Number of protein chains: 2
Amino acid sequence: MAARGAVQAHTHNHKACIDDALKTARELCAARGVQLTPLREKVLQIVWKSHKPVGAYDVLDELSRSHKSARPPTVYRALDFLMGEGLIHKIESLNAYLGCVEAGAPHAGHFLICRKCGATEEIVDPKLEAALDQAAKRARFRAERQVVEISGLCAHCTG
Amino acid sequence: MAARGAVQAHTHNHKACIDDALKTARELCAARGVQLTPLREKVLQIVWKSHKPVGAYDVLDELSRSHKSARPPTVYRALDFLMGEGLIHKIESLNAYLGCVEAGAPHAGHFLICRKCGATEEIVDPKLEAALDQAAKRARFRAERQVVEISGLCAHCTG
DNA sequence: GGCGTGATGATACAACATAACAAACGCCGC
DNA sequence: GCGGCGTTTGTTATGTTGTATCATCACGCC
Ligand SMILES: [Zn+2]
Ligand SMILES: [Zn+2]
Ligand SMILES: [Zn+2]
Ligand SMILES: [Zn+2]
């Protein structure tokens with residue numbers, strides 16, 4: 001699964017993204033001996049509906065169509081599971097969730113969030129990772145989690 | 001006003017931090033022709049009570065002691081004002097607010113958040129800023145806001 | 001069958017944030 | 001003085017996001 005830039009997010013065939021993500025998720029969970037239940041897979045599919053972060057209550061609305069008993073804990077438990085397995089990320093500045101494009105490869109999520117179209121790209125940038133590690137090291141800080149969310153205008157929305 | 005590392009946050013004389021922050025805030029607001037009213041100054045003082053991010057409702061509890069009519073909008077309006085003037089930052093991953101150690105100098109806030117003691121250090125690191133700018137540029141993304149929050153253990157809590 | 005474990009159902013509540021309108025205040029021109 | 005205007009604060013209500021807690025269910029195991 002390759003990262004898709006915001007421009008591509010406007011034009012590509014997104015069904016392939018969803019199919020890839022679900023396939024990868026099934027394989028990873030099987031390999032790890034954890035259960036990607038129908039409920040969890042459905043939530044993953046909803047999160048992957050687009051390249052825009054989706055709120056937990058939006059997931060709930062969508063999930064409710066097929067799953068009448070769904071309630072907030074239903075959704076949050078599924079989201080927690082998916083985050084624990086590295087299949088989705090939380091976008092802290094939006095209180096929303098986004099499918100991970102590098103599931104299986106341990107990494108911190110770094111994001112470019114377009115404030116106009118909402119498309120959010122997960123970037124993998126070794127130089128940025130190194131700069132973050134260095135910054136922490138300089139302060140003798142043991143980093144465990146990185147939240148990096150850059151907001152602005154994507155290439156498509158700039159011009 | 002210099003940044004203080006997490007180690008210093010455990011030992012320094014913090015009254016000087018508060019006094020500096022309030023003095024700087026008064027000067028900046030006067031120079032800009034905006035009103036640092038008693039209410040807003042009190043909220044700023046509460047946020048500066050420590051080097052740990054403080055939640056809006058914690059601010060409200062504290063503010064209520066001196067200001068009985070305080071309600072959520074009271075606090076959020078003051079926090080919005082202070083953020084607008086660059087006197088405080090919001091820590092997105094904690095839904096909490098922290099006094100800015102570089103008020104007056106335009107900058108994105110980058111933070112090291114200790115998950116054990118809560119002490120949060122604002123770091124100013126040109127290399128990190130450059131790496132972030134480069135990462136955005138590479139994706140032809142026009143960055144407007146950066147959220148960088150590194151969680152882990154501070155030097156004091158590590159050893 | 002009885003038991004342990006993981007997953008889901010169900011109710012209630014906590015924590016965070018904003019909408020909308022009213023009242024008070026200072027300022028300025030007249 | 002006073003009426004208009006912009007800013008700040010008061011007030012009530014509501015919206016949004018996230019958890020705690022306990023009950024129930026499904027499955028594998030002995
Ligand atoms: Zn796609
Ligand atoms: Zn990822
Ligand atoms: Zn201090
Ligand atoms: Zn700052």
# chains A, B, ... in the order shown; residues from 1 in each chain; ligands from 1
$ residues_near_ligand --ligand "ligand 3" --cutoff "8 Å" --atoms "only C-alpha atoms (C1' of nucleotides) and all ligand atoms" --output "list in words"
Arg4, Gln8, Ala9, His12, Asn13, His14, Lys15, Ala16, Cys17, Ile18, Trp48, Ser50 and His51 of chain B
$ write_last_selection --atoms "all heavy atoms" --output "mmCIF file, in the first residue's frame"
data_model
loop_
_atom_site.group_PDB
_atom_site.id
_atom_site.type_symbol
_atom_site.label_atom_id
_atom_site.label_comp_id
_atom_site.auth_asym_id
_atom_site.auth_seq_id
_atom_site.Cartn_x
_atom_site.Cartn_y
_atom_site.Cartn_z
ATOM 1 N N ARG B 4 12.030 25.989 29.262
ATOM 2 C CA ARG B 4 12.569 25.237 30.390
ATOM 3 C C ARG B 4 12.374 23.762 30.134
ATOM 4 O O ARG B 4 11.279 23.320 29.829
ATOM 5 C CB ARG B 4 11.839 25.604 31.686
ATOM 6 C CG ARG B 4 12.246 26.942 32.201
ATOM 7 C CD ARG B 4 11.624 27.247 33.549
ATOM 8 N NE ARG B 4 11.845 28.641 33.900
ATOM 9 C CZ ARG B 4 12.976 29.103 34.406
ATOM 10 N NH1 ARG B 4 13.978 28.293 34.629
ATOM 11 N NH2 ARG B 4 13.102 30.380 34.690
ATOM 12 N N GLN B 8 14.342 20.994 34.597
ATOM 13 C CA GLN B 8 14.215 22.281 35.274
ATOM 14 C C GLN B 8 12.808 22.495 35.810
ATOM 15 O O GLN B 8 12.622 23.101 36.861
ATOM 16 C CB GLN B 8 14.569 23.425 34.318
ATOM 17 C CG GLN B 8 16.049 23.520 33.979
ATOM 18 C CD GLN B 8 16.472 22.495 32.937
ATOM 19 O OE1 GLN B 8 15.627 21.820 32.362
ATOM 20 N NE2 GLN B 8 17.775 22.371 32.690
ATOM 21 N N ALA B 9 11.832 21.984 35.054
ATOM 22 C CA ALA B 9 10.456 22.180 35.481
ATOM 23 C C ALA B 9 10.222 21.593 36.871
ATOM 24 O O ALA B 9 9.317 22.012 37.581
ATOM 25 C CB ALA B 9 9.481 21.543 34.482
ATOM 26 N N HIS B 12 12.925 24.488 39.289
ATOM 27 C CA HIS B 12 13.172 25.921 39.226
ATOM 28 C C HIS B 12 12.170 26.713 40.060
ATOM 29 O O HIS B 12 11.154 26.193 40.520
ATOM 30 C CB HIS B 12 13.110 26.389 37.777
ATOM 31 C CG HIS B 12 11.720 26.386 37.220
ATOM 32 N ND1 HIS B 12 11.012 25.248 36.987
ATOM 33 C CD2 HIS B 12 10.899 27.409 36.881
ATOM 34 C CE1 HIS B 12 9.824 25.562 36.499
ATOM 35 N NE2 HIS B 12 9.721 26.870 36.436
ATOM 36 N N ASN B 13 12.467 28.014 40.197
ATOM 37 C CA ASN B 13 11.537 28.914 40.859
ATOM 38 C C ASN B 13 10.520 29.369 39.832
ATOM 39 O O ASN B 13 10.778 30.232 39.009
ATOM 40 C CB ASN B 13 12.302 30.116 41.423
ATOM 41 C CG ASN B 13 11.348 31.192 41.898
ATOM 42 O OD1 ASN B 13 10.186 30.918 42.214
ATOM 43 N ND2 ASN B 13 11.836 32.411 41.952
ATOM 44 N N HIS B 14 9.350 28.797 39.933
ATOM 45 C CA HIS B 14 8.382 29.005 38.859
ATOM 46 C C HIS B 14 7.708 30.369 38.931
ATOM 47 O O HIS B 14 7.138 30.831 37.940
ATOM 48 C CB HIS B 14 7.332 27.885 38.897
ATOM 49 C CG HIS B 14 6.349 27.970 37.793
ATOM 50 N ND1 HIS B 14 6.707 28.035 36.462
ATOM 51 C CD2 HIS B 14 4.991 28.054 37.797
ATOM 52 C CE1 HIS B 14 5.630 28.118 35.721
ATOM 53 N NE2 HIS B 14 4.580 28.150 36.501
ATOM 54 N N LYS B 15 7.767 31.008 40.068
ATOM 55 C CA LYS B 15 7.121 32.331 40.152
ATOM 56 C C LYS B 15 7.700 33.280 39.113
ATOM 57 O O LYS B 15 6.985 34.096 38.529
ATOM 58 C CB LYS B 15 7.308 32.908 41.563
ATOM 59 C CG LYS B 15 6.495 34.184 41.780
ATOM 60 C CD LYS B 15 6.501 34.653 43.215
ATOM 61 C CE LYS B 15 5.670 35.943 43.348
ATOM 62 N NZ LYS B 15 6.074 36.992 42.400
ATOM 63 N N ALA B 16 8.994 33.134 38.861
ATOM 64 C CA ALA B 16 9.623 33.997 37.862
ATOM 65 C C ALA B 16 9.022 33.760 36.483
ATOM 66 O O ALA B 16 8.841 34.699 35.701
ATOM 67 C CB ALA B 16 11.127 33.749 37.836
ATOM 68 N N CYS B 17 8.715 32.489 36.185
ATOM 69 C CA CYS B 17 8.082 32.172 34.905
ATOM 70 C C CYS B 17 6.758 32.914 34.773
ATOM 71 O O CYS B 17 6.465 33.532 33.739
ATOM 72 C CB CYS B 17 7.804 30.676 34.793
ATOM 73 S SG CYS B 17 9.257 29.647 34.673
ATOM 74 N N ILE B 18 5.950 32.831 35.813
ATOM 75 C CA ILE B 18 4.627 33.456 35.759
ATOM 76 C C ILE B 18 4.770 34.965 35.603
ATOM 77 O O ILE B 18 4.122 35.587 34.755
ATOM 78 C CB ILE B 18 3.823 33.131 37.037
ATOM 79 C CG1 ILE B 18 3.669 31.620 37.195
ATOM 80 C CG2 ILE B 18 2.455 33.793 36.995
ATOM 81 C CD1 ILE B 18 2.927 31.211 38.458
ATOM 82 N N TRP B 48 -0.665 29.330 33.467
ATOM 83 C CA TRP B 48 0.756 29.334 33.784
ATOM 84 C C TRP B 48 1.065 28.777 35.174
ATOM 85 O O TRP B 48 2.209 28.821 35.607
ATOM 86 C CB TRP B 48 1.312 30.766 33.682
ATOM 87 C CG TRP B 48 1.935 31.044 32.345
ATOM 88 C CD1 TRP B 48 1.393 31.769 31.323
ATOM 89 C CD2 TRP B 48 3.221 30.626 31.897
ATOM 90 N NE1 TRP B 48 2.264 31.804 30.255
ATOM 91 C CE2 TRP B 48 3.386 31.112 30.574
ATOM 92 C CE3 TRP B 48 4.248 29.866 32.464
ATOM 93 C CZ2 TRP B 48 4.542 30.868 29.826
ATOM 94 C CZ3 TRP B 48 5.394 29.619 31.721
ATOM 95 C CH2 TRP B 48 5.524 30.133 30.424
ATOM 96 N N SER B 50 1.547 26.028 36.210
ATOM 97 C CA SER B 50 2.600 25.015 36.169
ATOM 98 C C SER B 50 3.049 24.847 34.728
ATOM 99 O O SER B 50 2.526 25.500 33.832
ATOM 100 C CB SER B 50 2.079 23.687 36.708
ATOM 101 O OG SER B 50 1.251 23.075 35.734
ATOM 102 N N HIS B 51 4.020 23.939 34.542
ATOM 103 C CA HIS B 51 4.438 23.634 33.172
ATOM 104 C C HIS B 51 3.706 22.406 32.643
ATOM 105 O O HIS B 51 4.188 21.743 31.737
ATOM 106 C CB HIS B 51 5.958 23.449 33.122
ATOM 107 C CG HIS B 51 6.705 24.737 33.289
ATOM 108 N ND1 HIS B 51 6.954 25.588 32.246
ATOM 109 C CD2 HIS B 51 7.208 25.339 34.387
ATOM 110 C CE1 HIS B 51 7.616 26.651 32.684
ATOM 111 N NE2 HIS B 51 7.781 26.522 33.992
#
$ residues_near_ligand --ligand "ligand 2" --cutoff "7 Å" --atoms "only C-alpha atoms (C1' of nucleotides) and all ligand atoms" --output "MDAnalysis selection string"
chainID A and resid 86 88:89 100:103 107:109 122
$ interface_residues --of "chain C" --to "chain A" --cutoff "12 Å" --atoms "only C-alpha atoms (C1' of nucleotides)" --output "PyMOL selection string"
chain C and resi 6-12+16
$ write_last_selection --atoms "N, CA and C atoms (P, O5', C5', C4', C3', O3' and C1' of nucleotides)" --output "PDB file, in the first residue's frame"
ATOM      1  P    DG C   6      -8.092 -13.086  26.878  1.00  0.00           P
ATOM      2  O5'  DG C   6      -8.978 -12.679  25.619  1.00  0.00           O
ATOM      3  C5'  DG C   6      -9.101 -13.584  24.527  1.00  0.00           C
ATOM      4  C4'  DG C   6     -10.313 -13.214  23.722  1.00  0.00           C
ATOM      5  C3'  DG C   6     -10.424 -11.725  23.409  1.00  0.00           C
ATOM      6  O3'  DG C   6     -10.763 -11.581  22.044  1.00  0.00           O
ATOM      7  C1'  DG C   6     -12.406 -12.477  24.454  1.00  0.00           C
ATOM      8  P    DA C   7     -10.865 -10.141  21.385  1.00  0.00           P
ATOM      9  O5'  DA C   7     -12.436  -9.969  21.185  1.00  0.00           O
ATOM     10  C5'  DA C   7     -13.147 -10.937  20.433  1.00  0.00           C
ATOM     11  C4'  DA C   7     -14.622 -10.626  20.482  1.00  0.00           C
ATOM     12  C3'  DA C   7     -14.994  -9.179  20.160  1.00  0.00           C
ATOM     13  O3'  DA C   7     -15.882  -9.175  19.070  1.00  0.00           O
ATOM     14  C1'  DA C   7     -16.070  -9.933  22.150  1.00  0.00           C
ATOM     15  P    DT C   8     -16.424  -7.816  18.491  1.00  0.00           P
ATOM     16  O5'  DT C   8     -17.825  -7.644  19.238  1.00  0.00           O
ATOM     17  C5'  DT C   8     -18.824  -8.639  19.075  1.00  0.00           C
ATOM     18  C4'  DT C   8     -19.992  -8.359  19.994  1.00  0.00           C
ATOM     19  C3'  DT C   8     -20.656  -6.987  19.804  1.00  0.00           C
ATOM     20  O3'  DT C   8     -22.005  -7.222  19.457  1.00  0.00           O
ATOM     21  C1'  DT C   8     -20.326  -7.487  22.091  1.00  0.00           C
ATOM     22  P    DG C   9     -23.041  -6.027  19.366  1.00  0.00           P
ATOM     23  O5'  DG C   9     -23.713  -6.048  20.805  1.00  0.00           O
ATOM     24  C5'  DG C   9     -24.427  -7.200  21.215  1.00  0.00           C
ATOM     25  C4'  DG C   9     -25.325  -6.870  22.397  1.00  0.00           C
ATOM     26  C3'  DG C   9     -26.146  -5.588  22.267  1.00  0.00           C
ATOM     27  O3'  DG C   9     -27.432  -5.824  22.853  1.00  0.00           O
ATOM     28  C1'  DG C   9     -24.744  -5.425  24.161  1.00  0.00           C
ATOM     29  P    DA C  10     -28.616  -4.740  22.732  1.00  0.00           P
ATOM     30  O5'  DA C  10     -28.422  -3.877  24.061  1.00  0.00           O
ATOM     31  C5'  DA C  10     -28.521  -4.536  25.318  1.00  0.00           C
ATOM     32  C4'  DA C  10     -28.337  -3.507  26.421  1.00  0.00           C
ATOM     33  C3'  DA C  10     -28.902  -2.112  26.095  1.00  0.00           C
ATOM     34  O3'  DA C  10     -29.867  -1.786  27.079  1.00  0.00           O
ATOM     35  C1'  DA C  10     -26.703  -1.963  26.967  1.00  0.00           C
ATOM     36  P    DT C  11     -30.718  -0.411  26.960  1.00  0.00           P
ATOM     37  O5'  DT C  11     -30.145   0.455  28.169  1.00  0.00           O
ATOM     38  C5'  DT C  11     -29.979  -0.180  29.442  1.00  0.00           C
ATOM     39  C4'  DT C  11     -29.179   0.747  30.345  1.00  0.00           C
ATOM     40  C3'  DT C  11     -29.582   2.225  30.257  1.00  0.00           C
ATOM     41  O3'  DT C  11     -30.018   2.648  31.544  1.00  0.00           O
ATOM     42  C1'  DT C  11     -27.230   1.958  30.175  1.00  0.00           C
ATOM     43  P    DA C  12     -30.586   4.148  31.771  1.00  0.00           P
ATOM     44  O5'  DA C  12     -29.328   4.901  32.400  1.00  0.00           O
ATOM     45  C5'  DA C  12     -28.509   4.199  33.331  1.00  0.00           C
ATOM     46  C4'  DA C  12     -27.166   4.891  33.420  1.00  0.00           C
ATOM     47  C3'  DA C  12     -27.257   6.422  33.546  1.00  0.00           C
ATOM     48  O3'  DA C  12     -26.875   6.771  34.871  1.00  0.00           O
ATOM     49  C1'  DA C  12     -25.518   5.729  32.051  1.00  0.00           C
ATOM     50  P    DC C  16     -11.534  17.131  29.848  1.00  0.00           P
ATOM     51  O5'  DC C  16     -12.171  17.741  28.510  1.00  0.00           O
ATOM     52  C5'  DC C  16     -11.986  17.039  27.290  1.00  0.00           C
ATOM     53  C4'  DC C  16     -12.752  17.760  26.209  1.00  0.00           C
ATOM     54  C3'  DC C  16     -12.428  19.256  26.066  1.00  0.00           C
ATOM     55  O3'  DC C  16     -11.992  19.473  24.736  1.00  0.00           O
ATOM     56  C1'  DC C  16     -14.765  18.897  26.037  1.00  0.00           C
TER      57       DC C  16
END
$ closest_residue --among "A:Glu129, A:Glu121, A:Glu41, A:Glu149" --to "ligand 1" --atoms "only C-alpha atoms and all ligand atoms"
A:Glu121
$ atom_distance --atom1 "CA of Asp125 in chain A" --atom2 "CA of Leu22 in chain A"
24.4 Å
$ atom_distance --atom1 "CA of Lys23 in chain B" --atom2 "CA of Glu85 in chain B"
14.2 Å
$ select_by_dssp --residues "chain A" --states "helix (DSSP H, G or I)" --output "PyMOL selection string"
chain A and resi 6-11+14-32+38-47+56-66+72-84+126-138+155-158
$ closest_residue --among "A:Glu92, A:Asp133, A:Glu62, A:Glu27" --to "chain D" --atoms "only C-alpha atoms (C1' of nucleotides)"
A:Glu92
$ interface_residues --of "chain D" --to "chain A" --cutoff "9 Å" --atoms "only C-alpha atoms (C1' of nucleotides)" --output "JSON, numbers by chain"
{"D": [16, 17, 18, 19]}
$ write_last_selection --atoms "all heavy atoms" --output "tab-separated table (two decimals), in the first residue's frame"
chain	number	residue	atom	x	y	z
D	16	DT	P	-23.45	18.27	16.90
D	16	DT	OP1	-23.08	18.77	15.55
D	16	DT	OP2	-24.45	17.18	17.05
D	16	DT	O5'	-22.13	17.80	17.62
D	16	DT	C5'	-21.02	18.69	17.71
D	16	DT	C4'	-19.90	18.03	18.47
D	16	DT	O4'	-20.24	17.93	19.87
D	16	DT	C3'	-19.56	16.61	18.03
D	16	DT	O3'	-18.19	16.62	17.67
D	16	DT	C2'	-19.87	15.74	19.24
D	16	DT	C1'	-19.71	16.75	20.38
D	16	DT	N1	-20.45	16.48	21.64
D	16	DT	C2	-19.74	16.38	22.81
D	16	DT	O2	-18.53	16.47	22.86
D	16	DT	N3	-20.51	16.16	23.93
D	16	DT	C4	-21.88	16.04	23.99
D	16	DT	O4	-22.45	15.85	25.06
D	16	DT	C5	-22.56	16.16	22.74
D	16	DT	C7	-24.04	16.05	22.71
D	16	DT	C6	-21.82	16.37	21.62
D	17	DT	P	-17.49	15.31	17.07
D	17	DT	OP1	-16.41	15.78	16.17
D	17	DT	OP2	-18.51	14.36	16.60
D	17	DT	O5'	-16.82	14.70	18.39
D	17	DT	C5'	-15.83	15.46	19.07
D	17	DT	C4'	-15.38	14.71	20.31
D	17	DT	O4'	-16.45	14.67	21.27
D	17	DT	C3'	-14.99	13.26	20.06
D	17	DT	O3'	-13.67	13.10	20.57
D	17	DT	C2'	-16.02	12.44	20.85
D	17	DT	C1'	-16.41	13.43	21.93
D	17	DT	N1	-17.74	13.21	22.55
D	17	DT	C2	-17.84	13.11	23.92
D	17	DT	O2	-16.88	13.18	24.66
D	17	DT	N3	-19.12	12.94	24.40
D	17	DT	C4	-20.27	12.85	23.65
D	17	DT	O4	-21.37	12.68	24.19
D	17	DT	C5	-20.10	12.96	22.23
D	17	DT	C7	-21.30	12.88	21.33
D	17	DT	C6	-18.86	13.13	21.75
D	18	DG	P	-12.90	11.70	20.44
D	18	DG	OP1	-11.46	11.97	20.43
D	18	DG	OP2	-13.53	10.89	19.37
D	18	DG	O5'	-13.25	11.01	21.85
D	18	DG	C5'	-12.85	11.66	23.04
D	18	DG	C4'	-13.30	10.89	24.25
D	18	DG	O4'	-14.74	10.95	24.37
D	18	DG	C3'	-12.95	9.39	24.23
D	18	DG	O3'	-12.13	9.13	25.36
D	18	DG	C2'	-14.30	8.68	24.29
D	18	DG	C1'	-15.18	9.74	24.95
D	18	DG	N9	-16.62	9.62	24.69
D	18	DG	C8	-17.27	9.66	23.48
D	18	DG	N7	-18.58	9.55	23.59
D	18	DG	C5	-18.80	9.43	24.95
D	18	DG	C6	-20.00	9.28	25.68
D	18	DG	O6	-21.15	9.22	25.25
D	18	DG	N1	-19.76	9.22	27.05
D	18	DG	C2	-18.53	9.26	27.65
D	18	DG	N2	-18.49	9.19	28.98
D	18	DG	N3	-17.39	9.41	26.99
D	18	DG	C4	-17.60	9.48	25.65
D	19	DT	P	-11.56	7.70	25.72
D	19	DT	OP1	-10.12	7.83	25.81
D	19	DT	OP2	-12.17	6.68	24.82
D	19	DT	O5'	-12.11	7.44	27.19
D	19	DT	C5'	-13.44	7.71	27.49
D	19	DT	C4'	-13.68	7.50	28.97
D	19	DT	O4'	-15.12	7.56	29.14
D	19	DT	C3'	-13.28	6.13	29.50
D	19	DT	O3'	-13.09	6.22	30.90
D	19	DT	C2'	-14.50	5.28	29.12
D	19	DT	C1'	-15.65	6.26	29.30
D	19	DT	N1	-16.76	6.10	28.33
D	19	DT	C2	-18.04	5.97	28.81
D	19	DT	O2	-18.30	5.99	30.01
D	19	DT	N3	-19.00	5.81	27.84
D	19	DT	C4	-18.82	5.78	26.47
D	19	DT	O4	-19.77	5.63	25.71
D	19	DT	C5	-17.46	5.92	26.05
D	19	DT	C7	-17.16	5.91	24.57
D	19	DT	C6	-16.51	6.07	26.98
$ interface_residues --of "chain A" --to "chain B" --cutoff "6 Å" --atoms "only C-alpha atoms" --output "PyMOL selection string"
chain A and resi 92-93+128+131+140-155
$ write_last_selection --atoms "N, CA, C and O atoms" --output "JSON list (two decimals), in the first residue's frame"
[["chain", "number", "residue", "atom", "x", "y", "z"],
["A", 92, "GLU", "N", -5.31, 13.84, 15.98],
["A", 92, "GLU", "CA", -5.65, 14.50, 17.23],
["A", 92, "GLU", "C", -6.28, 15.87, 17.03],
["A", 92, "GLU", "O", -7.17, 16.27, 17.76],
["A", 93, "SER", "N", -5.80, 16.59, 16.04],
["A", 93, "SER", "CA", -6.29, 17.96, 15.87],
["A", 93, "SER", "C", -7.70, 17.99, 15.31],
["A", 93, "SER", "O", -8.33, 19.05, 15.25],
["A", 128, "LEU", "N", 12.36, 13.59, 8.32],
["A", 128, "LEU", "CA", 11.50, 14.18, 9.35],
["A", 128, "LEU", "C", 11.57, 13.35, 10.63],
["A", 128, "LEU", "O", 11.69, 13.89, 11.73],
["A", 131, "ALA", "N", 14.75, 14.15, 12.35],
["A", 131, "ALA", "CA", 14.73, 15.46, 12.99],
["A", 131, "ALA", "C", 13.94, 15.41, 14.29],
["A", 131, "ALA", "O", 14.32, 16.04, 15.29],
["A", 140, "ARG", "N", 17.12, 15.15, 26.03],
["A", 140, "ARG", "CA", 17.22, 13.93, 26.83],
["A", 140, "ARG", "C", 15.83, 13.39, 27.15],
["A", 140, "ARG", "O", 15.53, 12.99, 28.27],
["A", 141, "PHE", "N", 15.00, 13.40, 26.13],
["A", 141, "PHE", "CA", 13.62, 12.96, 26.27],
["A", 141, "PHE", "C", 13.45, 11.63, 25.55],
["A", 141, "PHE", "O", 13.90, 11.46, 24.41],
["A", 142, "ARG", "N", 12.85, 10.67, 26.23],
["A", 142, "ARG", "CA", 12.63, 9.36, 25.62],
["A", 142, "ARG", "C", 11.27, 9.34, 24.90],
["A", 142, "ARG", "O", 10.24, 9.16, 25.54],
["A", 143, "ALA", "N", 11.30, 9.53, 23.62],
["A", 143, "ALA", "CA", 10.06, 9.63, 22.85],
["A", 143, "ALA", "C", 9.40, 8.27, 22.70],
["A", 143, "ALA", "O", 10.07, 7.26, 22.47],
["A", 144, "GLU", "N", 8.08, 8.25, 22.86],
["A", 144, "GLU", "CA", 7.32, 7.01, 22.68],
["A", 144, "GLU", "C", 6.27, 7.16, 21.60],
["A", 144, "GLU", "O", 5.93, 6.21, 20.92],
["A", 145, "ARG", "N", 5.76, 8.33, 21.47],
["A", 145, "ARG", "CA", 4.70, 8.57, 20.51],
["A", 145, "ARG", "C", 4.89, 9.94, 19.89],
["A", 145, "ARG", "O", 5.27, 10.89, 20.58],
["A", 146, "GLN", "N", 4.65, 10.02, 18.58],
["A", 146, "GLN", "CA", 4.77, 11.31, 17.90],
["A", 146, "GLN", "C", 3.43, 11.69, 17.29],
["A", 146, "GLN", "O", 2.82, 10.89, 16.58],
["A", 147, "VAL", "N", 3.01, 12.87, 17.55],
["A", 147, "VAL", "CA", 1.83, 13.42, 16.88],
["A", 147, "VAL", "C", 2.34, 14.54, 15.99],
["A", 147, "VAL", "O", 2.85, 15.55, 16.48],
["A", 148, "VAL", "N", 2.25, 14.33, 14.68],
["A", 148, "VAL", "CA", 2.72, 15.33, 13.73],
["A", 148, "VAL", "C", 1.61, 15.55, 12.71],
["A", 148, "VAL", "O", 1.31, 14.66, 11.91],
["A", 149, "GLU", "N", 0.99, 16.71, 12.77],
["A", 149, "GLU", "CA", -0.15, 17.01, 11.91],
["A", 149, "GLU", "C", 0.03, 18.41, 11.35],
["A", 149, "GLU", "O", -0.08, 19.40, 12.08],
["A", 150, "ILE", "N", 0.30, 18.46, 10.06],
["A", 150, "ILE", "CA", 0.50, 19.74, 9.39],
["A", 150, "ILE", "C", -0.77, 20.09, 8.63],
["A", 150, "ILE", "O", -1.19, 19.33, 7.76],
["A", 151, "SER", "N", -1.36, 21.20, 8.98],
["A", 151, "SER", "CA", -2.59, 21.63, 8.29],
["A", 151, "SER", "C", -2.26, 22.73, 7.29],
["A", 151, "SER", "O", -1.31, 23.49, 7.48],
["A", 152, "GLY", "N", -3.07, 22.82, 6.27],
["A", 152, "GLY", "CA", -2.86, 23.84, 5.26],
["A", 152, "GLY", "C", -3.68, 23.53, 4.02],
["A", 152, "GLY", "O", -4.81, 23.07, 4.13],
["A", 153, "LEU", "N", -3.09, 23.79, 2.86],
["A", 153, "LEU", "CA", -3.78, 23.55, 1.60],
["A", 153, "LEU", "C", -2.99, 22.54, 0.78],
["A", 153, "LEU", "O", -1.77, 22.69, 0.59],
["A", 154, "CYS", "N", -3.68, 21.53, 0.30],
["A", 154, "CYS", "CA", -3.02, 20.52, -0.52],
["A", 154, "CYS", "C", -2.74, 21.08, -1.91],
["A", 154, "CYS", "O", -3.24, 22.16, -2.28],
["A", 155, "ALA", "N", -1.96, 20.35, -2.67],
["A", 155, "ALA", "CA", -1.57, 20.82, -4.00],
["A", 155, "ALA", "C", -2.80, 21.07, -4.86],
["A", 155, "ALA", "O", -2.86, 22.04, -5.64]]
$ residues_around --residues "DA23 in chain C" --least-positions-apart "6" --cutoff "10 Å" --atoms "only C-alpha atoms (C1' of nucleotides)" --output "MDAnalysis selection string"
chainID D and resid 9:11
$ write_last_selection --atoms "N, CA and C atoms (P, O5', C5', C4', C3', O3' and C1' of nucleotides)" --output "compact mmCIF listing (two decimals), in the first residue's frame"
# COMPACT_ATOMS: atom_id res chain seq x y z
P DT D 9 -13.65 40.26 29.00
O5' DT D 9 -15.13 39.97 29.55
C5' DT D 9 -15.74 40.90 30.43
C4' DT D 9 -17.17 40.50 30.72
C3' DT D 9 -17.35 39.08 31.28
O3' DT D 9 -17.96 39.20 32.55
C1' DT D 9 -18.92 39.53 29.56
P DG D 10 -18.51 37.93 33.33
O5' DG D 10 -20.03 37.86 32.87
C5' DG D 10 -20.89 38.94 33.21
C4' DG D 10 -22.36 38.54 33.04
C3' DG D 10 -22.76 37.23 33.69
O3' DG D 10 -24.04 37.38 34.29
C1' DG D 10 -23.23 37.13 31.38
P DT D 11 -24.67 36.31 35.20
O5' DT D 11 -25.47 35.39 34.17
C5' DT D 11 -26.46 35.99 33.32
C4' DT D 11 -27.13 34.92 32.47
C3' DT D 11 -27.16 33.52 33.09
O3' DT D 11 -28.51 33.18 33.30
C1' DT D 11 -26.53 33.45 30.80
$ residues_around --residues "DG3 in chain D" --least-positions-apart "2" --cutoff "12 Å" --atoms "only C-alpha atoms (C1' of nucleotides)" --output "ChimeraX atom specification"
/C:28-30 /D:1,5
$ select_by_dssp --residues "chain B" --states "strand (DSSP E or B)" --output "PyMOL selection string"
chain B and resi 54+88-91+96-99+110-114+120-123+142-153
$ atom_distance --atom1 "atom 1 (Zn, counted along the ligand's line) of ligand 4" --atom2 "CA of Gly99 in chain B"
7.3 Å
$ residues_around --residues "DA19 in chain C" --least-positions-apart "4" --cutoff "10 Å" --atoms "only C-alpha atoms (C1' of nucleotides)" --output "PyMOL selection string"
chain D and resi 13-15
$ write_last_selection --atoms "N, CA, C and O atoms (P, O5', C5', C4', C3', O3' and C1' of nucleotides)" --output "short mmCIF file (atom, residue, chain, number, x, y, z; two decimals), in the first residue's frame"
data_model
loop_
_atom_site.label_atom_id
_atom_site.label_comp_id
_atom_site.auth_asym_id
_atom_site.auth_seq_id
_atom_site.Cartn_x
_atom_site.Cartn_y
_atom_site.Cartn_z
P DA D 13 -32.07 26.98 30.73
"O5'" DA D 13 -31.67 26.32 29.34
"C5'" DA D 13 -31.90 27.03 28.12
"C4'" DA D 13 -31.08 26.41 27.00
"C3'" DA D 13 -31.16 24.88 26.95
"O3'" DA D 13 -31.84 24.51 25.76
"C1'" DA D 13 -28.93 25.69 26.63
P DT D 14 -32.10 22.94 25.47
"O5'" DT D 14 -30.85 22.56 24.53
"C5'" DT D 14 -30.49 23.44 23.48
"C4'" DT D 14 -29.16 23.02 22.88
"C3'" DT D 14 -29.05 21.52 22.58
"O3'" DT D 14 -28.82 21.37 21.21
"C1'" DT D 14 -27.09 22.34 23.62
P DG D 15 -28.79 19.93 20.54
"O5'" DG D 15 -27.32 19.87 19.92
"C5'" DG D 15 -26.72 21.07 19.40
"C4'" DG D 15 -25.23 20.82 19.25
"C3'" DG D 15 -24.91 19.42 18.73
"O3'" DG D 15 -23.89 19.56 17.75
"C1'" DG D 15 -23.78 19.80 20.78
#
